[in-house]
$ cat entry_27.txt   # compact mmCIF, C-alpha atoms and all ligand atoms
# COMPACT_ATOMS: atom_id res chain seq x y z
CA MET A 1 17.75 3.73 58.55
CA THR A 2 21.52 3.07 58.57
CA MET A 3 23.23 1.26 55.77
CA ASP A 4 26.66 -0.32 55.65
CA LEU A 5 28.02 0.09 52.15
CA ASP A 6 31.53 -1.17 52.93
CA PHE A 7 32.48 -4.75 52.25
CA THR A 8 33.50 -6.79 55.29
CA ALA A 9 36.94 -8.42 55.57
CA GLU A 10 35.27 -11.75 54.78
CA GLU A 11 33.64 -10.35 51.65
CA ARG A 12 36.93 -8.86 50.48
CA ALA A 13 38.65 -12.22 51.04
CA PHE A 14 35.91 -13.89 49.03
CA ARG A 15 36.44 -11.45 46.16
CA ALA A 16 40.18 -12.18 46.21
CA GLU A 17 39.42 -15.90 46.05
CA VAL A 18 37.13 -15.43 43.03
CA ARG A 19 39.72 -13.26 41.28
CA SER A 20 42.42 -15.82 41.86
CA PHE A 21 40.17 -18.60 40.52
CA LEU A 22 39.46 -16.52 37.41
CA ARG A 23 43.16 -15.92 36.83
CA ASP A 24 43.80 -19.67 36.92
CA HIS A 25 40.73 -21.06 35.14
CA LEU A 26 39.32 -18.56 32.64
CA PRO A 27 40.59 -19.72 29.21
CA ALA A 28 42.68 -17.01 27.54
CA ALA A 29 40.88 -17.42 24.20
CA VAL A 30 37.46 -16.80 25.77
CA ARG A 31 38.78 -13.87 27.77
CA HIS A 32 40.21 -12.36 24.57
CA LYS A 33 36.79 -12.63 22.89
CA VAL A 34 34.92 -11.02 25.77
CA LEU A 35 37.38 -8.15 26.20
CA ASN A 36 37.42 -7.37 22.48
CA GLY A 37 33.72 -7.63 21.69
CA ILE A 38 34.04 -10.83 19.66
CA CYS A 39 30.91 -13.00 19.54
CA LEU A 40 30.77 -16.00 21.85
CA GLU A 41 29.37 -19.31 20.64
CA ARG A 42 26.99 -21.61 22.52
CA GLU A 43 29.89 -23.85 23.54
CA ASP A 44 31.90 -20.90 24.97
CA TYR A 45 29.08 -20.20 27.42
CA LEU A 46 28.37 -23.82 28.29
CA ALA A 47 32.04 -24.77 28.70
CA TRP A 48 32.46 -21.87 31.15
CA GLN A 49 29.36 -23.01 33.05
CA ARG A 50 30.96 -26.46 33.35
CA VAL A 51 34.17 -24.94 34.74
CA LEU A 52 32.17 -23.08 37.38
CA HIS A 53 30.12 -26.16 38.14
CA ALA A 54 33.27 -28.22 38.74
CA ARG A 55 34.34 -25.60 41.32
CA GLY A 56 30.89 -25.73 42.99
CA TRP A 57 30.02 -22.25 41.72
CA GLY A 58 27.62 -23.26 38.93
CA GLY A 59 24.59 -21.82 40.70
CA PRO A 60 25.68 -18.54 42.35
CA SER A 61 22.07 -17.54 43.02
CA TRP A 62 20.77 -21.05 43.83
CA PRO A 63 20.12 -22.44 47.31
CA VAL A 64 22.37 -25.22 48.54
CA ALA A 65 19.45 -27.68 48.54
CA PHE A 66 19.44 -27.59 44.72
CA GLY A 67 23.21 -27.73 44.32
CA GLY A 68 23.79 -23.96 44.40
CA THR A 69 26.26 -21.92 46.42
CA GLY A 70 23.71 -20.50 48.86
CA TRP A 71 25.42 -17.09 48.53
CA GLY A 72 23.58 -13.99 49.67
CA PRO A 73 23.10 -10.98 47.36
CA VAL A 74 26.43 -9.33 48.28
CA ARG A 75 28.52 -12.39 47.40
CA GLN A 76 26.55 -12.84 44.20
CA TYR A 77 27.30 -9.23 43.32
CA LEU A 78 31.01 -9.57 44.10
CA PHE A 79 31.15 -12.75 42.04
CA ASP A 80 29.39 -11.19 39.02
CA ASP A 81 31.57 -8.12 39.28
CA ALA A 82 34.85 -10.08 39.43
CA CYS A 83 33.74 -12.25 36.48
CA ALA A 84 32.86 -9.22 34.35
CA GLU A 85 36.12 -7.49 35.27
CA ALA A 86 38.16 -10.56 34.30
CA GLY A 87 36.42 -10.95 30.93
CA ALA A 88 34.45 -14.12 31.76
CA PRO A 89 31.34 -14.91 29.69
CA ARG A 90 28.18 -13.82 31.45
CA LEU A 91 26.17 -16.67 32.92
CA VAL A 92 23.34 -17.63 30.58
CA PRO A 93 20.36 -16.28 32.52
CA PHE A 94 17.45 -18.15 30.90
CA GLY A 95 18.06 -21.43 32.71
CA LEU A 96 19.96 -20.33 35.81
CA LYS A 97 18.14 -17.14 36.75
CA MET A 98 14.76 -17.46 35.09
CA VAL A 99 13.23 -20.91 34.76
CA ALA A 100 15.19 -22.47 37.63
CA PRO A 101 13.71 -20.28 40.40
CA VAL A 102 10.23 -20.97 39.00
CA LEU A 103 10.84 -24.72 39.05
CA MET A 104 12.24 -24.53 42.58
CA ALA A 105 9.18 -22.63 43.80
CA PHE A 106 6.35 -24.13 41.75
CA GLY A 107 7.65 -27.19 39.82
CA SER A 108 6.95 -30.79 40.80
CA ALA A 109 9.71 -32.91 42.36
CA ALA A 110 9.96 -34.81 39.08
CA GLN A 111 10.41 -31.57 37.11
CA GLN A 112 13.06 -30.35 39.56
CA GLN A 113 14.99 -33.61 39.30
CA ARG A 114 14.78 -33.71 35.54
CA PHE A 115 15.45 -30.10 34.58
CA LEU A 116 17.62 -28.47 37.26
CA PRO A 117 20.81 -30.62 37.19
CA PRO A 118 21.46 -30.15 33.42
CA ILE A 119 21.18 -26.36 33.86
CA LEU A 120 23.75 -26.41 36.64
CA ALA A 121 26.05 -28.74 34.73
CA GLY A 122 26.06 -26.61 31.54
CA GLU A 123 24.31 -29.32 29.55
CA ALA A 124 21.03 -27.61 28.64
CA TRP A 125 20.23 -24.25 27.10
CA TRP A 126 16.85 -22.64 27.74
CA CYS A 127 15.08 -19.79 25.99
CA GLN A 128 12.26 -17.51 27.09
CA GLY A 129 9.01 -17.77 25.12
CA TYR A 130 7.10 -14.80 26.52
CA SER A 131 6.83 -12.02 23.88
CA GLU A 132 4.66 -12.25 20.80
CA PRO A 133 3.80 -9.81 18.04
CA GLY A 134 1.29 -7.57 19.86
CA ALA A 135 2.27 -8.85 23.31
CA GLY A 136 5.50 -7.27 24.58
CA SER A 137 4.92 -4.55 27.16
CA ASP A 138 1.33 -5.74 27.25
CA LEU A 139 2.38 -9.33 27.83
CA ALA A 140 -1.02 -10.49 29.10
CA ALA A 141 -2.35 -10.00 25.54
CA LEU A 142 -0.46 -13.12 24.40
CA ARG A 143 -2.38 -15.43 22.06
CA THR A 144 -0.32 -18.59 21.59
CA ARG A 145 -2.93 -21.24 22.25
CA ALA A 146 -2.59 -24.58 24.05
CA VAL A 147 -5.50 -27.04 23.89
CA ARG A 148 -5.61 -30.18 26.02
CA ASP A 149 -5.73 -33.45 24.04
CA GLY A 150 -5.48 -36.46 26.36
CA GLU A 151 -2.05 -36.49 27.99
CA HIS A 152 -0.77 -33.63 25.80
CA TYR A 153 -1.31 -29.97 25.09
CA VAL A 154 -1.37 -29.03 21.42
CA VAL A 155 0.29 -25.64 20.99
CA ASN A 156 -0.19 -23.23 18.08
CA GLY A 157 1.10 -19.67 17.82
CA GLN A 158 4.14 -17.46 17.43
CA LYS A 159 6.73 -16.14 19.83
CA THR A 160 9.12 -13.38 18.90
CA TRP A 161 12.40 -11.76 20.00
CA THR A 162 13.32 -15.13 21.49
CA THR A 163 16.98 -14.70 22.45
CA PHE A 164 19.20 -17.61 21.41
CA ALA A 165 16.25 -19.86 20.50
CA HIS A 166 18.62 -21.26 17.87
CA TYR A 167 20.89 -22.48 20.68
CA ALA A 168 18.11 -23.72 22.92
CA ASP A 169 17.23 -27.27 23.92
CA TRP A 170 14.17 -26.12 25.85
CA MET A 171 11.81 -23.16 25.97
CA PHE A 172 9.72 -22.02 28.93
CA CYS A 173 6.65 -20.70 27.27
CA LEU A 174 3.52 -18.76 28.21
CA VAL A 175 0.44 -20.09 26.47
CA ARG A 176 -3.25 -19.30 26.62
CA THR A 177 -5.25 -22.22 27.97
CA ASP A 178 -8.51 -20.39 28.70
CA PRO A 179 -9.40 -17.75 26.10
CA ALA A 180 -12.70 -16.97 27.86
CA ALA A 181 -11.06 -15.87 31.14
CA LYS A 182 -9.67 -12.38 31.85
CA PRO A 183 -6.28 -12.01 30.07
CA GLN A 184 -4.11 -12.71 33.14
CA ARG A 185 -6.23 -15.62 34.34
CA GLY A 186 -6.15 -17.92 31.30
CA ILE A 187 -2.36 -18.29 30.90
CA SER A 188 -0.29 -21.42 31.62
CA PHE A 189 3.46 -22.02 31.89
CA LEU A 190 4.74 -24.89 29.71
CA LEU A 191 8.19 -26.43 29.23
CA ILE A 192 8.66 -27.22 25.55
CA ASP A 193 11.33 -29.43 24.00
CA MET A 194 12.77 -27.37 21.12
CA SER A 195 13.30 -30.53 19.05
CA SER A 196 9.53 -31.23 19.02
CA PRO A 197 7.94 -31.57 15.58
CA GLY A 198 6.12 -28.36 14.56
CA ILE A 199 8.69 -25.86 15.92
CA ARG A 200 10.39 -23.54 13.45
CA VAL A 201 13.02 -21.02 14.50
CA ARG A 202 13.64 -18.11 12.14
CA PRO A 203 16.41 -15.57 12.71
CA ILE A 204 15.71 -11.86 13.20
CA ARG A 205 18.76 -9.77 12.32
CA THR A 206 19.28 -6.87 14.69
CA LEU A 207 20.47 -3.39 13.68
CA ASP A 208 24.10 -4.49 13.90
CA GLY A 209 23.53 -7.52 11.67
CA ALA A 210 23.79 -9.98 14.55
CA HIS A 211 21.75 -13.13 14.97
CA GLU A 212 20.74 -13.20 18.63
CA VAL A 213 16.97 -13.06 18.46
CA ASN A 214 14.43 -15.16 16.62
CA GLU A 215 10.84 -15.76 15.73
CA VAL A 216 9.62 -19.12 17.01
CA TRP A 217 6.64 -20.63 15.22
CA LEU A 218 4.67 -23.39 16.92
CA GLU A 219 2.35 -25.46 14.73
CA GLY A 220 0.52 -28.39 16.32
CA VAL A 221 3.36 -28.91 18.84
CA ARG A 222 2.48 -31.72 21.25
CA VAL A 223 3.68 -31.05 24.81
CA PRO A 224 3.21 -33.69 27.52
CA VAL A 225 0.91 -32.56 30.34
CA ALA A 226 3.78 -33.51 32.68
CA ASN A 227 5.55 -30.38 31.33
CA LEU A 228 2.95 -28.00 32.74
CA VAL A 229 4.46 -26.06 35.65
CA GLY A 230 2.16 -25.63 38.63
CA GLU A 231 -1.53 -25.35 37.87
CA GLU A 232 -3.25 -24.75 34.56
CA ASN A 233 -4.34 -21.11 34.12
CA ARG A 234 -2.08 -19.90 36.94
CA GLY A 235 0.88 -19.17 34.65
CA TRP A 236 0.71 -15.40 35.09
CA THR A 237 1.70 -15.77 38.76
CA TYR A 238 4.75 -17.83 37.81
CA ALA A 239 5.59 -15.48 34.92
CA LYS A 240 5.67 -12.46 37.24
CA PHE A 241 7.69 -14.37 39.84
CA LEU A 242 10.24 -15.08 37.09
CA LEU A 243 10.40 -11.42 36.02
CA GLY A 244 11.26 -10.52 39.64
CA HIS A 245 14.31 -12.79 39.38
CA GLU A 246 15.26 -11.40 35.96
CA ARG A 247 16.19 -8.11 37.57
CA SER A 248 18.95 -9.52 39.78
CA ASN A 249 22.13 -7.70 38.76
CA ILE A 250 20.13 -5.80 36.15
CA ALA A 251 22.35 -2.71 36.47
CA GLY A 252 25.23 -4.46 34.67
CA ILE A 253 27.80 -2.55 36.73
CA GLY A 254 30.66 -5.00 36.26
CA ILE A 255 30.18 -5.00 32.50
CA ALA A 256 29.94 -1.21 32.40
CA ARG A 257 33.15 -0.90 34.41
CA ARG A 258 34.95 -3.31 32.08
CA GLU A 259 33.77 -1.39 29.00
CA LEU A 260 34.69 1.94 30.60
CA ALA A 261 38.25 0.63 30.98
CA ARG A 262 38.17 -0.32 27.30
CA LEU A 263 36.90 3.16 26.38
CA LYS A 264 39.87 4.64 28.23
CA ARG A 265 42.29 2.33 26.42
CA ILE A 266 40.84 3.43 23.09
CA ALA A 267 40.88 7.11 24.07
CA ARG A 268 44.49 6.76 25.16
CA SER A 269 45.60 5.27 21.85
CA GLU A 270 43.59 7.64 19.64
CA THR A 271 45.05 11.11 19.28
CA GLY A 272 43.68 14.55 18.52
CA ASP A 273 45.82 17.72 18.19
CA GLY A 274 48.89 15.61 18.76
CA ARG A 275 47.94 14.21 22.16
CA PRO A 276 45.93 11.25 23.44
CA LEU A 277 42.23 11.95 23.26
CA LEU A 278 41.89 11.05 26.92
CA GLU A 279 43.96 14.15 27.73
CA ALA A 280 41.76 16.47 25.67
CA PRO A 281 39.74 18.40 28.28
CA LEU A 282 36.33 18.18 26.59
CA PHE A 283 36.53 14.47 25.84
CA ALA A 284 38.09 13.69 29.23
CA ALA A 285 35.22 15.54 30.93
CA ARG A 286 32.67 13.36 29.17
CA VAL A 287 34.50 10.20 30.18
CA ALA A 288 34.71 11.50 33.76
CA ARG A 289 31.01 12.27 33.75
CA VAL A 290 30.00 8.76 32.72
CA GLU A 291 32.43 7.33 35.26
CA ILE A 292 30.88 9.44 38.04
CA GLU A 293 27.41 8.35 36.96
CA LEU A 294 28.56 4.74 37.09
CA MET A 295 29.97 5.24 40.60
CA ALA A 296 26.67 6.78 41.70
CA LEU A 297 24.79 3.84 40.22
CA GLU A 298 27.05 1.45 42.04
CA ILE A 299 26.17 3.14 45.35
CA THR A 300 22.46 2.81 44.49
CA ASN A 301 23.07 -0.84 43.66
CA LEU A 302 24.81 -1.37 47.01
CA ARG A 303 21.85 0.25 48.78
CA VAL A 304 19.56 -2.24 47.06
CA LEU A 305 21.86 -5.11 48.03
CA SER A 306 21.97 -3.85 51.61
CA ALA A 307 18.15 -3.90 51.64
CA GLU A 308 18.06 -7.38 50.09
CA ALA A 309 20.59 -8.67 52.64
CA GLU A 310 18.17 -7.50 55.34
CA GLN A 311 15.30 -9.23 53.51
CA ARG A 312 13.73 -5.94 52.46
CA ALA A 313 12.31 -6.19 48.95
CA PRO A 314 14.20 -4.06 46.39
CA GLY A 315 10.95 -2.75 44.88
CA VAL A 316 11.10 0.23 42.59
CA GLU A 317 14.89 0.64 42.86
CA ALA A 318 15.23 -2.19 40.35
CA SER A 319 13.57 0.09 37.77
CA ILE A 320 16.09 2.84 38.51
CA LEU A 321 18.97 0.38 38.15
CA LYS A 322 17.58 -0.87 34.82
CA ILE A 323 17.19 2.63 33.35
CA ARG A 324 20.48 4.09 34.52
CA GLY A 325 22.44 0.88 33.88
CA SER A 326 21.28 0.69 30.27
CA GLU A 327 21.81 4.42 29.65
CA ILE A 328 25.35 4.31 31.05
CA GLN A 329 26.34 1.30 28.94
CA GLN A 330 24.88 2.95 25.84
CA GLU A 331 26.80 6.16 26.58
CA ILE A 332 30.09 4.27 27.01
CA PHE A 333 29.72 2.70 23.56
CA ALA A 334 28.68 6.05 22.07
CA LEU A 335 31.90 7.56 23.45
CA MET A 336 33.93 4.66 22.03
CA THR A 337 32.58 5.32 18.54
CA GLU A 338 33.22 9.05 18.94
CA ALA A 339 36.76 8.37 20.08
CA LEU A 340 37.31 6.30 16.96
CA GLY A 341 36.08 9.13 14.74
CA LEU A 342 36.15 8.23 11.04
CA GLN A 343 37.42 4.76 11.87
CA ALA A 344 34.02 4.01 13.38
CA LEU A 345 32.26 4.54 10.04
CA PRO A 346 33.43 1.58 7.95
CA TYR A 347 32.50 -1.23 10.23
CA ASP A 348 32.93 -4.86 9.37
CA ARG A 349 30.64 -7.15 11.32
CA GLU A 350 32.61 -10.20 10.29
CA ALA A 351 35.43 -8.89 12.44
CA MET A 352 33.31 -9.96 15.43
CA ALA A 353 33.46 -13.62 14.40
CA ALA A 354 35.86 -15.83 16.27
CA GLY A 355 39.01 -16.57 14.26
CA TYR A 356 38.38 -13.69 11.83
CA ALA A 357 41.32 -13.43 9.45
CA GLY A 358 40.02 -10.97 6.88
CA ASP A 359 41.89 -7.88 5.76
CA CYS A 360 39.88 -5.36 7.76
CA PRO A 361 41.87 -2.10 7.45
CA LEU A 362 41.03 -1.00 11.00
CA PRO A 363 43.26 -1.48 14.05
CA VAL A 364 41.97 -4.28 16.31
CA HIS A 365 40.52 -1.92 18.91
CA ALA A 366 38.43 -0.15 16.23
CA ARG A 367 36.81 -3.22 14.70
CA THR A 368 33.92 -4.00 17.02
CA PRO A 369 32.73 -0.91 18.96
CA THR A 370 30.38 0.35 16.22
CA SER A 371 28.61 -3.01 15.97
CA GLN A 372 28.37 -3.08 19.74
CA TYR A 373 27.11 0.50 19.86
CA LEU A 374 24.28 -0.51 17.52
CA ASN A 375 23.64 -3.73 19.45
CA MET A 376 23.40 -1.84 22.75
CA ARG A 377 20.19 -0.13 21.57
CA LYS A 378 18.49 -3.29 22.80
CA LEU A 379 19.25 -2.57 26.44
CA SER A 380 16.54 0.05 26.76
CA ILE A 381 13.94 -2.28 25.20
CA TYR A 382 14.36 -5.73 26.70
CA GLY A 383 13.69 -6.84 30.26
CA GLY A 384 10.82 -4.30 30.39
CA SER A 385 11.41 -1.19 28.27
CA ASN A 386 12.77 1.95 29.94
CA GLU A 387 9.45 3.73 29.33
CA ILE A 388 7.65 0.99 31.24
CA GLN A 389 10.24 1.28 34.05
CA ARG A 390 9.58 5.04 34.17
CA ASN A 391 5.86 4.33 34.50
CA ILE A 392 6.63 2.06 37.47
CA ILE A 393 8.73 4.79 39.13
CA ALA A 394 6.04 7.41 38.44
CA ARG A 395 3.35 5.24 39.97
CA SER A 396 5.13 3.56 42.87
CA MET A 397 7.69 6.16 43.94
CA LEU A 398 6.31 9.51 42.86
CA GLY A 399 2.64 8.63 43.35
CA LEU A 400 1.69 10.11 39.97
C1 LIG B 1 17.36 -7.85 21.94
C2 LIG B 1 16.06 -8.29 22.54
C3 LIG B 1 15.97 -9.53 23.14
C4 LIG B 1 14.76 -9.99 23.64
N1 LIG B 1 14.69 -11.25 24.16
C5 LIG B 1 13.49 -11.76 24.52
C6 LIG B 1 13.36 -13.13 24.91
O1 LIG B 1 14.35 -13.88 24.97
N2 LIG B 1 12.14 -13.59 25.23
C7 LIG B 1 11.03 -12.80 25.20
O2 LIG B 1 9.95 -13.28 25.52
N3 LIG B 1 11.11 -11.50 24.83
C8 LIG B 1 12.32 -10.97 24.48
N4 LIG B 1 12.42 -9.64 24.07
C9 LIG B 1 11.20 -8.88 23.95
C10 LIG B 1 11.10 -7.72 24.93
O3 LIG B 1 10.71 -8.16 26.19
C11 LIG B 1 10.07 -6.76 24.32
O4 LIG B 1 10.64 -6.22 23.14
C12 LIG B 1 9.71 -5.64 25.25
O5 LIG B 1 8.95 -6.13 26.32
C13 LIG B 1 8.90 -4.54 24.53
O6 LIG B 1 7.82 -5.11 23.85
P1 LIG B 1 7.55 -4.80 22.29
O7 LIG B 1 8.83 -5.01 21.55
O8 LIG B 1 6.36 -5.59 21.88
O9 LIG B 1 7.23 -3.25 22.21
P2 LIG B 1 5.85 -2.57 22.57
O10 LIG B 1 5.33 -3.11 23.86
O11 LIG B 1 4.97 -2.59 21.40
O12 LIG B 1 6.35 -1.09 22.84
C14 LIG B 1 6.74 -0.21 21.78
C15 LIG B 1 7.19 1.09 22.40
O13 LIG B 1 6.11 1.68 23.12
C16 LIG B 1 6.48 1.91 24.47
N5 LIG B 1 5.35 1.63 25.35
C17 LIG B 1 4.57 0.50 25.34
N6 LIG B 1 3.62 0.60 26.31
C18 LIG B 1 3.83 1.77 26.95
C19 LIG B 1 3.18 2.43 28.03
N7 LIG B 1 2.18 1.86 28.69
N8 LIG B 1 3.67 3.64 28.44
C20 LIG B 1 4.73 4.21 27.80
N9 LIG B 1 5.37 3.64 26.74
C21 LIG B 1 4.93 2.43 26.33
C22 LIG B 1 7.62 0.94 24.74
O14 LIG B 1 8.47 1.42 25.75
C23 LIG B 1 8.33 0.92 23.41
O15 LIG B 1 9.20 2.01 23.28
C24 LIG B 1 13.62 -9.15 23.59
C25 LIG B 1 13.72 -7.89 23.00
C26 LIG B 1 14.92 -7.46 22.48
C27 LIG B 1 14.98 -6.11 21.83

$ encode --input "entry_27.txt" --output "structure tokens" --more "lines below"
Ligand SMILES: Cc1cc2nc3c(=O)[nH]c(=O)nc-3n(C[C@H](O)[C@H](O)[C@H](O)COP(=O)(O)OP(=O)(O)OC[C@H]3O[C@@H](n4cnc5c(N)ncnc54)[C@H](O)[C@@H]3O)c2cc1C
Amino acid sequence: MTMDLDFTAEERAFRAEVRSFLRDHLPAAVRHKVLNGICLEREDYLAWQRVLHARGWGGPSWPVAFGGTGWGPVRQYLFDDACAEAGAPRLVPFGLKMVAPVLMAFGSAAQQQRFLPPILAGEAWWCQGYSEPGAGSDLAALRTRAVRDGEHYVVNGQKTWTTFAHYADWMFCLVRTDPAAKPQRGISFLLIDMSSPGIRVRPIRTLDGAHEVNEVWLEGVRVPVANLVGEENRGWTYAKFLLGHERSNIAGIGIARRELARLKRIARSETGDGRPLLEAPLFAARVARVEIELMALEITNLRVLSAEAEQRAPGVEASILKIRGSEIQQEIFALMTEALGLQALPYDREAMAAGYAGDCPLPVHARTPTSQYLNMRKLSIYGGSNEIQRNIIARSMLGL
């Protein structure tokens, strides 16, 4: 089978157009945060979504019928890549790339009209209520219970690792509606207003001290039956459909390329034996190696895009992209901390806060990589852990 991995003249012109838009419209303060590892706030993400929406680019992966761009996979890739390169905030995936495709495919017309426009317009933040204690890789073991009571479901249970639940207006949530059925058969997909009485969000601090993830407790939460997506007890089908969409651009190539450039800047300004570290043969070889691995991953990614453009399902390649993409990003941050040497040891998490004006003794470029190195441990766990991805490759590709 032949594959064309070159971009066409039209695609290159499109990329130039996106780059020019980014130069003119990406606020310098937000760009500074992204390029220096400083934490973004809810409003940074939503304001950027509104800028894109005003340009008609709010839904890069959405069909035109729902107000999206109608772009194919290659344009979406070029767009993501240019945004990452320029230091734009990443698009918040929970609404745009997760719940929206489910609503488009399985939601009622009323749900589509109510929930899709605010996602596009940067007015609503969603979170993903899938995982529970005891139900992560084995998601079908989830126990959060929903019992029908007239025109409501009453929900009781606990979700965990819920990213940005503290920012969220809504949660798409897997609940058990039939405990007697086989695990996958008794699950339903509910849309829950995060301001409902009975919801408590408690922070979980990650290794780097950040507050990204949460526990979400649901006690007697009343959810209108109108917020059930599709049919009761068919939620597993919708949940798996959503996970298929989660893997779009899972390799994180644009982000890795941006951080590789930052690694080189750091290794150029740090010195060893009187010369820039980037010129020291052993360190330079390690940087070159990760860069070559990234280039190889990009080719694999383009092969997947080429298949998608021809309507061939990406299949197991998505698992390869997830594993290699996360390992490469982790390696880049490991090299950054090594380049910083002793400066990487005293790290000050507060230096990641916007407007930080403390007296951190480190140069600006040394303040955030250690926190980010620790934070990056998450990449091999979320979105389906790397061990689970290896199982998929072993089964589907190697026939083991
Ligand atoms: C930063 C972060 C953000 C997250 N955000 C969200 C979110 O927004 N919403 C949400 O619902 N979830 C979220 N998650 C949860 C994530 O999906 C789960 O952590 C992940 O699925 C793994 O589940 P677990 O943590 O329960 O680990 P477990 O499933 O208990 O696994 C523990 C370890 O055992 C390994 N393992 C498990 N089963 C197998 C097997 N069959 N073969 C080989 N090895 C195996 C795993 O790879 C892992 O190393 C997030 C997680 C993290 C770390």

$ closest_residue --input "entry_27.txt" --among "A:Asp208, A:Thr271, A:Val316, A:Val290" --to "Leu335 of chain A" --atoms "all atoms listed in the file"
A:Val290

$ residues_around --input "entry_27.txt" --residues "Thr69 of chain A" --least-positions-apart "4" --cutoff "12 Å" --atoms "all atoms listed in the file" --output "count of residues only"
18

$ axis_aligned_box --input "entry_27.txt" --around "ligand LIG 1 (chain B)" --padding-each-side "8 Å" --output "AutoDock Vina command-line options"
--center_x 9.8 --center_y -4.8 --center_z 25.0 --size_x 31.2 --size_y 34.1 --size_z 23.3

$ residues_around --input "entry_27.txt" --residues "segment 320-325 of chain A" --least-positions-apart "6" --cutoff "7 Å" --atoms "only C-alpha atoms" --output "list in words"
Ile250, Ala251, Gly252, Ile253, Asn301 and Asn386 of chain A

$ write_last_selection --input "entry_27.txt" --atoms "C-alpha atoms" --output "PDB file, in the coordinates of the input"
ATOM      1  CA  ILE A 250      20.130  -5.800  36.150  1.00  0.00           C
ATOM      2  CA  ALA A 251      22.350  -2.710  36.470  1.00  0.00           C
ATOM      3  CA  GLY A 252      25.230  -4.460  34.670  1.00  0.00           C
ATOM      4  CA  ILE A 253      27.800  -2.550  36.730  1.00  0.00           C
ATOM      5  CA  ASN A 301      23.070  -0.840  43.660  1.00  0.00           C
ATOM      6  CA  ASN A 386      12.770   1.950  29.940  1.00  0.00           C
TER       7      ASN A 386
END

$ atom_distance --input "entry_27.txt" --atom1 "atom CA of Val201 of chain A" --atom2 "atom CA of Val34 of chain A"
26.6 Å

$ build_atoms --input "entry_27.txt" --residues "segment 327-337 of chain A" --atoms "N, CA, C and O atoms" --output "short mmCIF file (atom, residue, chain, number, x, y, z; two decimals), keeping the file's coordinate frame"
data_model
loop_
_atom_site.label_atom_id
_atom_site.label_comp_id
_atom_site.auth_asym_id
_atom_site.auth_seq_id
_atom_site.Cartn_x
_atom_site.Cartn_y
_atom_site.Cartn_z
N GLU A 327 21.37 3.14 30.23
CA GLU A 327 21.81 4.42 29.65
C GLU A 327 23.33 4.57 29.74
O GLU A 327 23.97 5.06 28.80
N ILE A 328 23.89 4.16 30.87
CA ILE A 328 25.35 4.31 31.05
C ILE A 328 26.11 3.42 30.06
O ILE A 328 27.05 3.86 29.41
N GLN A 329 25.65 2.18 29.90
CA GLN A 329 26.34 1.30 28.94
C GLN A 329 26.22 1.86 27.52
O GLN A 329 27.18 1.83 26.75
N GLN A 330 25.05 2.39 27.19
CA GLN A 330 24.88 2.95 25.84
C GLN A 330 25.81 4.15 25.65
O GLN A 330 26.41 4.33 24.59
N GLU A 331 25.94 4.97 26.68
CA GLU A 331 26.80 6.16 26.58
C GLU A 331 28.27 5.76 26.41
O GLU A 331 29.02 6.38 25.65
N ILE A 332 28.68 4.70 27.12
CA ILE A 332 30.09 4.27 27.01
C ILE A 332 30.39 3.86 25.57
O ILE A 332 31.42 4.24 25.00
N PHE A 333 29.48 3.11 24.95
CA PHE A 333 29.72 2.70 23.56
C PHE A 333 29.61 3.88 22.60
O PHE A 333 30.32 3.93 21.59
N ALA A 334 28.75 4.85 22.91
CA ALA A 334 28.68 6.05 22.07
C ALA A 334 30.01 6.78 22.11
O ALA A 334 30.54 7.23 21.09
N LEU A 335 30.60 6.88 23.31
CA LEU A 335 31.90 7.56 23.45
C LEU A 335 33.01 6.79 22.73
O LEU A 335 33.91 7.38 22.14
N MET A 336 32.91 5.46 22.76
CA MET A 336 33.93 4.66 22.03
C MET A 336 33.88 5.00 20.54
O MET A 336 34.91 5.20 19.91
N THR A 337 32.67 5.05 19.98
CA THR A 337 32.58 5.32 18.54
C THR A 337 33.04 6.75 18.25
O THR A 337 33.70 7.01 17.24
#
